[in-house]
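Accompanying notes for the structure given below.
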Amino acid sequence: MMTIIFGLFLLSLLVIVAVAIVKTKNLFIAAMLLSIFSLLMASNFFILDAADVALTEAAVGAGVTTVIFLSALRLTSQYERGTLASTRWLAILVVVVTTIILMLGTFDSQRLGDPDAPVHVHVAPYYIENTQELMGFPNVVTAVLSSFRGYDTLGEVFVVFVAAIGVMFILDARKGTGPEYALPEEKGLKHHLIPRAVGGLLIPFIILFGFYVQFHGEYGPGGGFQAGAIVATAFILYALLEGERTALRAFPRSAQTALIVGGASLYGAVGVVCILKGGTFLDYSVLLEDPVTARQVGIITIELGVGMAVCGALLSIFHSFAARQPTGRIE
Amino acid sequence: MIETVTQLLGNALLILAAASVLIGGVGVIRMPDLYTRMHASSLTDTVATLALFSGLILHSGLTLASFKLAAIMAFVLLTGPTATYALANAAYSSGIQPPVPHGPEAPEPAGGGDSTAEEQSS
């Protein structure tokens, strides 16, 4: 009962925030509202018992993307440009048609928590019953993500990889600069004592929590995606406090690229080692004598790869935006 | 006996937390300008956080959950006022002046002018 009340409350807030995002012309306000939207979404996931997704949404949606939006807005204009009347009608038409299709679709979907829903009778019972026996740890989400559905996760890691490369191709392309840009010495928040002191105090704990989430992912909510995002927020906080240049001196672009490539390669390499050991691609049970321990070793290794790739990708995307100087206001 | 006392004390603290959140919310709507509004909303950052987490710790007793709650309380107590400071500082340096009568000690804001337009948009 309480869950339903909380759910209704959060969903109504989501609708209000969504309308506010559409209505506002100021893009800074829209970016902050999107952050609130992600936080509400994370709470929503949490009351639906999807703690792993909630953690990702809070770290990436409310944390990193807000900073990336703000860095992007620094390069463009603060205000939305007016739209043409013809495109507006087209947009309204698309929205109305999509809404009608989605509403028709909900009539056919099962009620939330219906035990006879296809998702609950297909492969899910097998995963739930066999995770403890095959993997030796309780978090079914981690087992599904990294072992039962290991190919899908490999694909996701490469999506992150390609996204980072795409952003770097678009934003880092310029004439006459080497890999280390001649950045002007930025101040960051150097003259602000309080944020620097508090931030400096928090950064080690944020990184520690990131590692906890990384290596505790088999027993609690968490794993590579969440940990990578949390560690990335710590470095982004450092860059915001101490300035772009100091942050890049501490963690250079080459190291970030190495992290992306290394993480994705580590994941693939585990699969190749499995083949060389006589199994199929990403079948961890052949890695060691005992199949359960072997699966755990394989899962921890690929989760590490995922964490490295996500952390490196988010940091390079952030630095790609932050390193670019505004060339002129687009009005 | 002790259990009942801690439960009652916890309930009282939770009610205090809810009341200060409510007062903070009313203050944000009722106060005339940015700085006084932030003053009202900082009540939620400090008093409400302290009361809410102390109440929850009293409810959960000496468990791992209490320790986690204490850690979250420390985190929120550190970051909330810092965010308030950063917001006030950003507002001041972008030229939003507090509506005080122009006395001799009134400091000059770092930015300049256009304070009414900024207030409208924020």
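Chain identifiers are assigned as A, B, and so on, following the order in which chains appear in the structure tokens; residues are numbered from 1 within each chain, and ligands are numbered from 1 in order of appearance.
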* Give me, as a count of residues only, the contact residues of chain A against chain B at a cut-off of 9 Å, counting only C-alpha atoms. => 8
* **Backbone-only DSSP, alpha helix (DSSP H) members of range 57-303 of chain A, as a PyMOL selection string** => chain A and resi 65-75+85-108+118-121+124-135+140-143+150-171+193-215+224-242+244-250+253-276+291-303
Determine, counting only C-alpha atoms, which protein, DNA and RNA residues have an atom within 12 Å of an atom of Thr4 in chain B; residues of the same chain fewer than 5 positions away are not included. Present the result as a compact mmCIF listing (two decimals) with N, CA, C and O atoms, in the first residue's frame.
# COMPACT_ATOMS: atom_id res chain seq x y z
N LEU B 9 11.21 8.89 21.19
CA LEU B 9 12.16 9.95 20.86
C LEU B 9 12.38 10.00 19.35
O LEU B 9 12.41 11.07 18.73
N GLY B 10 12.51 8.79 18.75
CA GLY B 10 12.68 8.72 17.30
C GLY B 10 11.49 9.33 16.58
O GLY B 10 11.66 10.11 15.63
N ASN B 11 10.28 8.99 17.05
CA ASN B 11 9.09 9.56 16.42
C ASN B 11 9.08 11.07 16.52
O ASN B 11 8.78 11.76 15.54
N LEU B 58 17.68 6.06 15.85
CA LEU B 58 17.05 5.62 17.09
C LEU B 58 16.09 4.47 16.80
O LEU B 58 15.96 3.54 17.60
N HIS B 59 15.41 4.54 15.65
CA HIS B 59 14.46 3.47 15.32
C HIS B 59 15.16 2.16 15.02
O HIS B 59 14.65 1.10 15.38
N GLY B 61 18.22 1.17 16.02
CA GLY B 61 19.07 0.63 17.08
C GLY B 61 20.50 0.44 16.64
O GLY B 61 20.95 1.01 15.64
* For range 67-71 of chain B, list every protein, DNA or RNA residue within 12 Å, evaluated using only C-alpha atoms, and leave out those in the same chain fewer than 4 positions away; present the list as a PyMOL selection string. => (chain A and resi 202+205+209) or (chain B and resi 49-63+75-78)
* **Best match for closeness to Phe9 in chain A among A:Ser43, A:Phe211, A:Gly312, A:Gly224, counting only C-alpha atoms** => A:Ser43
* Contact residues around range 102-108 of chain A with only C-alpha atoms at 12 Å, ignoring same-chain residues under 6 positions, as a list of chain:residue names ->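 Skipping anything fewer than 6 positions along the chain leaves A:Val95, A:Val96, A:Ala117.
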* To do: Quick one: everything within 6 Å of Ala30 in chain A, counting only C-alpha atoms, minus sequence neighbours fewer than 3 positions away in the same chain. Send it as a PyMOL selection string.
  => chain A and resi 21+27+33
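Shell of Leu276 in chain A at 10 Å, with only C-alpha atoms counted and residues fewer than 6 places along the chain excluded, is Val270, Val286 and Leu287 of chain A.
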* Structure fact -> Using only C-alpha atoms, the residue out of B:Met1, B:Ala18, B:Ile96, B:Leu8 with shortest distance to Val47 in chain B is B:Ala18
* One decimal, Å: what's the distance from CA of Lys277 in chain A over to CA of Val160 in chain A, could you say? => 28.3 Å
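If you look at CA of Val19 in chain A and CA of Arg88 in chain A, they are 16.2 Å away from each other.
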* **Interatomic distance, CA of Phe215 in chain A to CA of Ala309 in chain A (Å, one decimal)** => 15.5 Å
* To do: May I ask which of the residues B:Leu34, B:Ala65, B:His39, B:Thr44 is the closest one to Ala90 in chain B, counting only C-alpha atoms?
  =>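 Result for the nearest residue to Ala90 in chain B: B:Leu34.
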